[in-house]
Amino acid sequence: MISVDYKKLSIAVFGDYCLDEYLWVDAALNEPSLETDLVAFQCVKREVYSGAAGTIAKNLANLNVGVVYAVGYVGNDGRGVDLCGALDDLKINRENLIIAKDRVTPTYTKPWMIENGKTRELNRIDSKNWTHTSKELEDAALKNLRNLVGKIDALIIMDQMVEENCGIVTTRVRAELATIARENPNLLVYADSRSRITLFEDMIVKGNQFEIPLEICEGRTKPVIRTMGEDGVAIYANGQCVKVPGIQVSGQTDVCGAGDMFTASFVAALSSGASLEDAGKIGNIAASICVTQLGTSGCVTVEDIEAHIR
């Protein structure tokens, strides 16, 4: 298997940058609310991380990729400040991350209850944009991306928003991304989308077994990556299908971030010259480590992967 050394790589992550906000609630400190008669949860710790496209950028930085470019937008708000700070802590280049005055920073607030020595996740609270992204913001993000194309080894696209045209990967932007992929055949372009992965053309696409139907896996000009949880991953390319077995893990698991961990590890390996199969193996290893880390979207290093390989 190829050596996992990514210091010479430059990778751009274009897409929806979100804030992952974790609130740790200690059940032993619960108080009754005098105003509502409801239980008032007591937060004893708050942690913030870059989420969605930011999770992939974070993962690439933790894998010691030489330069990671963040391309997209955040809102002109406090959560945007938190998100930019999280990127700065990882030395991710955010010169192409736009501060949008008319948008909020999408945020996933994830409360975790600590009770009797165990932790469990409570209902997530989402904050996001419910109106369509403006043409001006689309143009600005695409301009920033095109300025980077000659400087990068790979481009990862993360279309996170379920509501169509409310994130940065709108219908118009998706068409422009396909044009960029066609105009730059030597650039590794890879897309992941929660709701519209079948609409991405002329690039590698990745999704789970629920997002990618089998009928679209054959006949595409670029590889299709179909993840299947503990059953591993199926890679469709050149009329063939290569299946990479999954890695079994024991104990309590948290699947949040596993797909993004696979994406970062797979693209970094493939950009370094690994075969599709070996990149799939490295992606599986990283994802299997990620799911054992509770209450976080994961932190996997090159040393973690190499230890597992040994």
# chains A, B, ... in the order shown; residues from 1 in each chain; ligands from 1
$ residues_around --residues "Lys281 (chain A)" --least-positions-apart "5" --cutoff "9 Å" --atoms "only C-alpha atoms" --output "list in words"
Met1, Gly232, Val233, Val244, Pro245, Gly246, Phe266, Leu276 and Ala286 of chain A
$ select_by_dssp --residues "region 5-104 of chain A" --states "helix (DSSP H, G or I)" --output "PyMOL selection string"
chain A and resi 27-29+53-62+78-89
$ write_last_selection --atoms "N, CA and C atoms" --output "compact mmCIF listing (two decimals), in the first residue's frame"
# COMPACT_ATOMS: atom_id res chain seq x y z
N ALA A 27 -26.20 15.81 33.37
CA ALA A 27 -27.54 15.55 33.92
C ALA A 27 -27.58 15.74 35.43
N ALA A 28 -26.47 15.56 36.10
CA ALA A 28 -26.44 15.71 37.56
C ALA A 28 -26.67 17.15 37.99
N LEU A 29 -26.51 18.09 37.06
CA LEU A 29 -26.67 19.51 37.38
C LEU A 29 -27.99 20.08 36.87
N ALA A 53 -18.21 20.94 4.51
CA ALA A 53 -16.98 21.13 3.74
C ALA A 53 -15.81 21.40 4.67
N GLY A 54 -16.09 22.08 5.79
CA GLY A 54 -15.06 22.35 6.78
C GLY A 54 -14.55 21.10 7.46
N THR A 55 -15.40 20.08 7.58
CA THR A 55 -14.95 18.81 8.16
C THR A 55 -13.91 18.16 7.24
N ILE A 56 -14.20 18.18 5.94
CA ILE A 56 -13.25 17.60 4.98
C ILE A 56 -11.94 18.37 5.02
N ALA A 57 -12.02 19.71 5.04
CA ALA A 57 -10.80 20.52 5.12
C ALA A 57 -10.04 20.21 6.40
N LYS A 58 -10.75 20.08 7.52
CA LYS A 58 -10.13 19.73 8.80
C LYS A 58 -9.42 18.38 8.70
N ASN A 59 -10.08 17.41 8.10
CA ASN A 59 -9.49 16.08 7.98
C ASN A 59 -8.21 16.11 7.14
N LEU A 60 -8.24 16.88 6.05
CA LEU A 60 -7.05 16.99 5.20
C LEU A 60 -5.90 17.62 5.98
N ALA A 61 -6.22 18.65 6.77
CA ALA A 61 -5.18 19.29 7.57
C ALA A 61 -4.60 18.33 8.60
N ASN A 62 -5.46 17.53 9.24
CA ASN A 62 -4.98 16.57 10.23
C ASN A 62 -4.16 15.45 9.59
N GLY A 78 -21.40 35.68 14.60
CA GLY A 78 -20.51 35.10 15.59
C GLY A 78 -20.11 33.67 15.27
N ARG A 79 -21.04 32.92 14.70
CA ARG A 79 -20.70 31.54 14.34
C ARG A 79 -19.70 31.50 13.19
N GLY A 80 -19.79 32.51 12.32
CA GLY A 80 -18.78 32.62 11.27
C GLY A 80 -17.40 32.88 11.85
N VAL A 81 -17.35 33.72 12.90
CA VAL A 81 -16.09 33.97 13.59
C VAL A 81 -15.54 32.68 14.19
N ASP A 82 -16.44 31.90 14.83
CA ASP A 82 -16.02 30.62 15.41
C ASP A 82 -15.47 29.68 14.33
N LEU A 83 -16.17 29.63 13.19
CA LEU A 83 -15.76 28.74 12.11
C LEU A 83 -14.41 29.16 11.55
N CYS A 84 -14.24 30.45 11.30
CA CYS A 84 -12.95 30.94 10.78
C CYS A 84 -11.84 30.67 11.77
N GLY A 85 -12.13 30.81 13.06
CA GLY A 85 -11.13 30.51 14.08
C GLY A 85 -10.72 29.05 14.07
N ALA A 86 -11.71 28.16 13.87
CA ALA A 86 -11.41 26.72 13.82
C ALA A 86 -10.52 26.40 12.61
N LEU A 87 -10.77 27.05 11.47
CA LEU A 87 -9.94 26.85 10.29
C LEU A 87 -8.53 27.39 10.52
N ASP A 88 -8.45 28.56 11.15
CA ASP A 88 -7.15 29.16 11.43
C ASP A 88 -6.31 28.28 12.36
N ASP A 89 -6.96 27.67 13.33
CA ASP A 89 -6.23 26.80 14.26
C ASP A 89 -5.53 25.66 13.53
$ closest_residue --among "A:Ile125, A:Ala140, A:Val48, A:Val25" --to "Gly72 (chain A)" --atoms "only C-alpha atoms"
A:Ala140
$ select_by_dssp --residues "region 100-236 of chain A" --states "strand (DSSP E or B)" --output "JSON, numbers by chain"
{"A": [100, 107, 108, 109, 110, 111, 112, 113, 114, 115, 118, 119, 120, 121, 125, 126, 127, 154, 155, 156, 157, 158, 159, 188, 189, 190, 191, 192, 193, 204, 205, 206, 207, 208, 224, 225, 226, 227, 233, 234, 235, 236]}
$ write_last_selection --atoms "C-alpha atoms" --output "PDB file, in the first residue's frame"
ATOM      1  CA  ALA A 100     -21.357  37.017   3.174  1.00  0.00           C
ATOM      2  CA  THR A 107     -24.673  25.520  12.193  1.00  0.00           C
ATOM      3  CA  TYR A 108     -25.324  22.048  13.571  1.00  0.00           C
ATOM      4  CA  THR A 109     -25.763  22.285  17.349  1.00  0.00           C
ATOM      5  CA  LYS A 110     -25.314  18.851  18.907  1.00  0.00           C
ATOM      6  CA  PRO A 111     -26.149  18.458  22.613  1.00  0.00           C
ATOM      7  CA  TRP A 112     -24.654  15.423  24.373  1.00  0.00           C
ATOM      8  CA  MET A 113     -25.982  14.312  27.757  1.00  0.00           C
ATOM      9  CA  ILE A 114     -23.551  13.007  30.383  1.00  0.00           C
ATOM     10  CA  GLU A 115     -25.458  10.721  32.731  1.00  0.00           C
ATOM     11  CA  LYS A 118     -22.256   7.421  29.946  1.00  0.00           C
ATOM     12  CA  THR A 119     -22.911   9.860  27.095  1.00  0.00           C
ATOM     13  CA  ARG A 120     -25.806   9.990  24.663  1.00  0.00           C
ATOM     14  CA  GLU A 121     -26.706  12.383  21.892  1.00  0.00           C
ATOM     15  CA  ILE A 125     -30.635  21.826  16.367  1.00  0.00           C
ATOM     16  CA  ASP A 126     -29.928  23.117  12.838  1.00  0.00           C
ATOM     17  CA  SER A 127     -29.557  26.727  11.719  1.00  0.00           C
ATOM     18  CA  ALA A 154      -7.312  17.963  -6.338  1.00  0.00           C
ATOM     19  CA  LEU A 155     -10.676  19.629  -5.880  1.00  0.00           C
ATOM     20  CA  ILE A 156     -13.239  18.238  -3.444  1.00  0.00           C
ATOM     21  CA  ILE A 157     -16.826  19.468  -3.723  1.00  0.00           C
ATOM     22  CA  MET A 158     -19.192  19.166  -0.763  1.00  0.00           C
ATOM     23  CA  ASP A 159     -22.869  19.905  -1.470  1.00  0.00           C
ATOM     24  CA  LEU A 188      -8.695  15.209  -9.721  1.00  0.00           C
ATOM     25  CA  VAL A 189     -12.252  16.445  -9.127  1.00  0.00           C
ATOM     26  CA  TYR A 190     -14.415  14.596  -6.583  1.00  0.00           C
ATOM     27  CA  ALA A 191     -17.963  15.411  -5.447  1.00  0.00           C
ATOM     28  CA  ASP A 192     -20.103  14.410  -2.496  1.00  0.00           C
ATOM     29  CA  SER A 193     -23.709  15.539  -2.078  1.00  0.00           C
ATOM     30  CA  ILE A 204     -15.613  11.266  -9.477  1.00  0.00           C
ATOM     31  CA  VAL A 205     -18.755  11.010  -7.358  1.00  0.00           C
ATOM     32  CA  LYS A 206     -19.178   9.448  -3.938  1.00  0.00           C
ATOM     33  CA  GLY A 207     -22.266   8.515  -1.959  1.00  0.00           C
ATOM     34  CA  ASN A 208     -23.633   5.795   0.267  1.00  0.00           C
ATOM     35  CA  VAL A 224     -18.326   6.102  -8.810  1.00  0.00           C
ATOM     36  CA  ILE A 225     -17.581   5.443  -5.138  1.00  0.00           C
ATOM     37  CA  ARG A 226     -20.408   3.719  -3.282  1.00  0.00           C
ATOM     38  CA  THR A 227     -19.875   3.385   0.474  1.00  0.00           C
ATOM     39  CA  VAL A 233     -17.002   0.309  -0.369  1.00  0.00           C
ATOM     40  CA  ALA A 234     -17.665  -0.560  -4.008  1.00  0.00           C
ATOM     41  CA  ILE A 235     -15.679   1.336  -6.646  1.00  0.00           C
ATOM     42  CA  TYR A 236     -17.080   1.374 -10.179  1.00  0.00           C
TER      43      TYR A 236
END
$ atom_distance --atom1 "CA of Leu137 (chain A)" --atom2 "CA of Leu90 (chain A)"
25.6 Å
$ closest_residue --among "A:Phe200, A:Tyr49, A:Phe41, A:Tyr69" --to "Glu21 (chain A)" --atoms "only C-alpha atoms"
A:Tyr49
$ residues_around --residues "Glu176 (chain A)" --least-positions-apart "4" --cutoff "8 Å" --atoms "only C-alpha atoms" --output "list in words"
Leu142, Arg172 and Ile180 of chain A
$ write_last_selection --atoms "C-alpha atoms" --output "PDB file, in the first residue's frame"
ATOM      1  CA  LEU A 142     -16.561  30.544  -8.703  1.00  0.00           C
ATOM      2  CA  ARG A 172     -25.795  27.010 -11.895  1.00  0.00           C
ATOM      3  CA  ILE A 180     -14.049  23.168 -14.731  1.00  0.00           C
TER       4      ILE A 180
END
$ residues_around --residues "Leu187 (chain A)" --least-positions-apart "2" --cutoff "9 Å" --atoms "only C-alpha atoms" --output "number ranges by chain"
A: 149-150, 152-155, 181, 184-185, 189
$ write_last_selection --atoms "C-alpha atoms" --output "PDB file, in the first residue's frame"
ATOM      1  CA  VAL A 149      -7.264  25.613 -10.359  1.00  0.00           C
ATOM      2  CA  GLY A 150      -3.682  25.858 -11.605  1.00  0.00           C
ATOM      3  CA  ILE A 152      -4.039  22.479  -6.769  1.00  0.00           C
ATOM      4  CA  ASP A 153      -3.694  18.714  -7.167  1.00  0.00           C
ATOM      5  CA  ALA A 154      -7.312  17.963  -6.338  1.00  0.00           C
ATOM      6  CA  LEU A 155     -10.676  19.629  -5.880  1.00  0.00           C
ATOM      7  CA  ALA A 181     -13.622  19.382 -14.544  1.00  0.00           C
ATOM      8  CA  ASN A 184      -8.882  20.442 -16.581  1.00  0.00           C
ATOM      9  CA  PRO A 185      -8.690  16.694 -17.287  1.00  0.00           C
ATOM     10  CA  VAL A 189     -12.252  16.445  -9.127  1.00  0.00           C
TER      11      VAL A 189
END
$ closest_residue --among "A:Asn64, A:Asn93, A:Thr263, A:Asn165" --to "Ala279 (chain A)" --atoms "only C-alpha atoms"
A:Thr263
$ atom_distance --atom1 "CA of Val44 (chain A)" --atom2 "CA of Cys299 (chain A)"
22.2 Å
$ closest_residue --among "A:Arg182, A:Arg124, A:Lys135, A:Lys151" --to "Ala12 (chain A)" --atoms "only C-alpha atoms"
A:Lys151
$ residues_around --residues "Thr131 (chain A)" --least-positions-apart "3" --cutoff "10 Å" --atoms "only C-alpha atoms" --output "number ranges by chain"
A: 103, 128, 134, 163-167
$ write_last_selection --atoms "N, CA and C atoms" --output "mmCIF file, in the first residue's frame"
data_model
loop_
_atom_site.group_PDB
_atom_site.id
_atom_site.type_symbol
_atom_site.label_atom_id
_atom_site.label_comp_id
_atom_site.auth_asym_id
_atom_site.auth_seq_id
_atom_site.Cartn_x
_atom_site.Cartn_y
_atom_site.Cartn_z
ATOM 1 N N ARG A 103 -26.048 36.251 4.477
ATOM 2 C CA ARG A 103 -26.247 34.831 4.787
ATOM 3 C C ARG A 103 -25.855 34.573 6.240
ATOM 4 N N LYS A 128 -29.776 27.311 9.350
ATOM 5 C CA LYS A 128 -29.266 27.406 7.981
ATOM 6 C C LYS A 128 -30.040 28.447 7.198
ATOM 7 N N SER A 134 -27.526 34.187 -3.865
ATOM 8 C CA SER A 134 -27.543 35.212 -4.914
ATOM 9 C C SER A 134 -26.537 34.898 -6.016
ATOM 10 N N GLU A 163 -31.816 21.695 0.987
ATOM 11 C CA GLU A 163 -32.687 22.634 0.285
ATOM 12 C C GLU A 163 -31.974 23.142 -0.971
ATOM 13 N N GLU A 164 -32.535 22.848 -2.127
ATOM 14 C CA GLU A 164 -31.854 23.146 -3.390
ATOM 15 C C GLU A 164 -31.669 24.650 -3.574
ATOM 16 N N ASN A 165 -30.448 25.004 -4.021
ATOM 17 C CA ASN A 165 -30.063 26.386 -4.337
ATOM 18 C C ASN A 165 -29.960 27.288 -3.117
ATOM 19 N N CYS A 166 -29.952 26.716 -1.913
ATOM 20 C CA CYS A 166 -29.804 27.510 -0.695
ATOM 21 C C CYS A 166 -28.386 27.461 -0.137
ATOM 22 N N GLY A 167 -27.543 26.637 -0.725
ATOM 23 C CA GLY A 167 -26.134 26.605 -0.360
ATOM 24 C C GLY A 167 -25.311 27.211 -1.478
#
$ residues_around --residues "Phe262 (chain A)" --least-positions-apart "4" --cutoff "9 Å" --atoms "only C-alpha atoms" --output "VMD selection string"
chain A and resid 257 to 258 266 to 267 280 282 to 288
$ write_last_selection --atoms "C-alpha atoms" --output "JSON list (two decimals), in the first residue's frame"
[["chain", "number", "residue", "atom", "x", "y", "z"],
["A", 257, "GLY", "CA", -18.13, 12.46, 10.12],
["A", 258, "ALA", "CA", -17.21, 8.99, 8.87],
["A", 266, "PHE", "CA", -9.41, 8.65, -0.24],
["A", 267, "VAL", "CA", -8.68, 11.84, -2.20],
["A", 280, "GLY", "CA", -10.43, 2.86, -0.86],
["A", 282, "ILE", "CA", -6.99, 3.90, 3.27],
["A", 283, "GLY", "CA", -10.39, 5.61, 3.28],
["A", 284, "ASN", "CA", -11.94, 2.63, 5.06],
["A", 285, "ILE", "CA", -9.17, 2.60, 7.67],
["A", 286, "ALA", "CA", -9.62, 6.28, 8.42],
["A", 287, "ALA", "CA", -13.42, 5.97, 8.62],
["A", 288, "SER", "CA", -13.17, 2.97, 10.97]]
$ residues_around --residues "Thr301 (chain A)" --least-positions-apart "3" --cutoff "7 Å" --atoms "only C-alpha atoms" --output "count of residues only"
4
$ atom_distance --atom1 "CA of Asp102 (chain A)" --atom2 "CA of Arg174 (chain A)"
21.4 Å
$ closest_residue --among "A:Asn123, A:Pro213, A:Val39, A:Val13" --to "Asn96 (chain A)" --atoms "only C-alpha atoms"
A:Val13
$ decode --residues "region 43-155 of chain A" --atoms "C-alpha atoms" --output "tab-separated table (two decimals), in the first residue's frame"
chain	number	residue	atom	x	y	z
A	43	CYS	CA	-24.00	23.03	29.69
A	44	VAL	CA	-20.56	22.36	31.20
A	45	LYS	CA	-18.51	22.46	28.01
A	46	ARG	CA	-18.86	23.89	24.49
A	47	GLU	CA	-16.67	22.81	21.59
A	48	VAL	CA	-16.77	24.07	18.00
A	49	TYR	CA	-15.33	22.56	14.83
A	50	SER	CA	-15.50	23.33	11.15
A	51	GLY	CA	-18.33	21.22	9.67
A	52	ALA	CA	-19.53	19.85	6.30
A	53	ALA	CA	-16.98	21.13	3.74
A	54	GLY	CA	-15.06	22.35	6.78
A	55	THR	CA	-14.95	18.81	8.16
A	56	ILE	CA	-13.25	17.60	4.98
A	57	ALA	CA	-10.80	20.52	5.12
A	58	LYS	CA	-10.13	19.73	8.80
A	59	ASN	CA	-9.49	16.08	7.98
A	60	LEU	CA	-7.05	16.99	5.20
A	61	ALA	CA	-5.18	19.29	7.57
A	62	ASN	CA	-4.98	16.57	10.23
A	63	LEU	CA	-3.58	14.23	7.55
A	64	ASN	CA	-0.80	16.78	7.05
A	65	VAL	CA	-1.77	17.77	3.50
A	66	GLY	CA	0.62	20.55	2.53
A	67	VAL	CA	-1.90	23.25	1.61
A	68	VAL	CA	-5.66	23.07	2.14
A	69	TYR	CA	-7.75	25.81	0.54
A	70	ALA	CA	-11.24	26.60	1.86
A	71	VAL	CA	-13.53	27.96	-0.89
A	72	GLY	CA	-17.11	29.01	-0.12
A	73	TYR	CA	-18.70	31.42	2.34
A	74	VAL	CA	-19.61	31.98	5.97
A	75	GLY	CA	-22.08	34.45	7.40
A	76	ASN	CA	-21.09	37.77	8.93
A	77	ASP	CA	-21.98	36.55	12.42
A	78	GLY	CA	-20.51	35.10	15.59
A	79	ARG	CA	-20.70	31.54	14.34
A	80	GLY	CA	-18.78	32.62	11.27
A	81	VAL	CA	-16.09	33.97	13.59
A	82	ASP	CA	-16.02	30.62	15.41
A	83	LEU	CA	-15.76	28.74	12.11
A	84	CYS	CA	-12.95	30.94	10.78
A	85	GLY	CA	-11.13	30.51	14.08
A	86	ALA	CA	-11.41	26.72	13.82
A	87	LEU	CA	-9.94	26.85	10.29
A	88	ASP	CA	-7.15	29.16	11.43
A	89	ASP	CA	-6.23	26.80	14.26
A	90	LEU	CA	-5.54	24.13	11.61
A	91	LYS	CA	-3.65	26.56	9.34
A	92	ILE	CA	-6.22	26.07	6.55
A	93	ASN	CA	-5.96	28.77	3.88
A	94	ARG	CA	-9.25	30.70	3.97
A	95	GLU	CA	-8.32	33.61	1.71
A	96	ASN	CA	-11.03	32.36	-0.69
A	97	LEU	CA	-13.71	31.99	1.98
A	98	ILE	CA	-16.18	34.86	1.52
A	99	ILE	CA	-17.78	36.68	4.46
A	100	ALA	CA	-21.36	37.02	3.17
A	101	LYS	CA	-23.38	39.80	4.81
A	102	ASP	CA	-26.74	38.45	3.61
A	103	ARG	CA	-26.25	34.83	4.79
A	104	VAL	CA	-26.04	33.10	8.15
A	105	THR	CA	-23.33	30.60	8.97
A	106	PRO	CA	-25.04	27.18	8.79
A	107	THR	CA	-24.67	25.52	12.19
A	108	TYR	CA	-25.32	22.05	13.57
A	109	THR	CA	-25.76	22.28	17.35
A	110	LYS	CA	-25.31	18.85	18.91
A	111	PRO	CA	-26.15	18.46	22.61
A	112	TRP	CA	-24.65	15.42	24.37
A	113	MET	CA	-25.98	14.31	27.76
A	114	ILE	CA	-23.55	13.01	30.38
A	115	GLU	CA	-25.46	10.72	32.73
A	116	ASN	CA	-24.37	7.90	35.04
A	117	GLY	CA	-20.93	7.78	33.48
A	118	LYS	CA	-22.26	7.42	29.95
A	119	THR	CA	-22.91	9.86	27.09
A	120	ARG	CA	-25.81	9.99	24.66
A	121	GLU	CA	-26.71	12.38	21.89
A	122	LEU	CA	-29.83	14.54	22.17
A	123	ASN	CA	-31.84	16.11	19.35
A	124	ARG	CA	-29.69	18.18	17.00
A	125	ILE	CA	-30.63	21.83	16.37
A	126	ASP	CA	-29.93	23.12	12.84
A	127	SER	CA	-29.56	26.73	11.72
A	128	LYS	CA	-29.27	27.41	7.98
A	129	ASN	CA	-30.28	29.62	5.08
A	130	TRP	CA	-33.78	29.20	3.69
A	131	THR	CA	-33.51	31.58	0.72
A	132	HIS	CA	-31.72	31.08	-2.58
A	133	THR	CA	-28.07	32.03	-2.90
A	134	SER	CA	-27.54	35.21	-4.91
A	135	LYS	CA	-25.89	35.27	-8.33
A	136	GLU	CA	-23.30	37.70	-6.95
A	137	LEU	CA	-22.23	35.20	-4.29
A	138	GLU	CA	-22.16	32.39	-6.85
A	139	ASP	CA	-19.93	34.48	-9.14
A	140	ALA	CA	-17.55	35.44	-6.34
A	141	ALA	CA	-17.10	31.86	-5.17
A	142	LEU	CA	-16.56	30.54	-8.70
A	143	LYS	CA	-14.02	33.29	-9.42
A	144	ASN	CA	-12.06	32.35	-6.31
A	145	LEU	CA	-12.11	28.69	-7.31
A	146	ARG	CA	-10.99	29.30	-10.90
A	147	ASN	CA	-8.05	31.34	-9.59
A	148	LEU	CA	-6.90	28.26	-7.67
A	149	VAL	CA	-7.26	25.61	-10.36
A	150	GLY	CA	-3.68	25.86	-11.60
A	151	LYS	CA	-2.31	25.63	-8.06
A	152	ILE	CA	-4.04	22.48	-6.77
A	153	ASP	CA	-3.69	18.71	-7.17
A	154	ALA	CA	-7.31	17.96	-6.34
A	155	LEU	CA	-10.68	19.63	-5.88
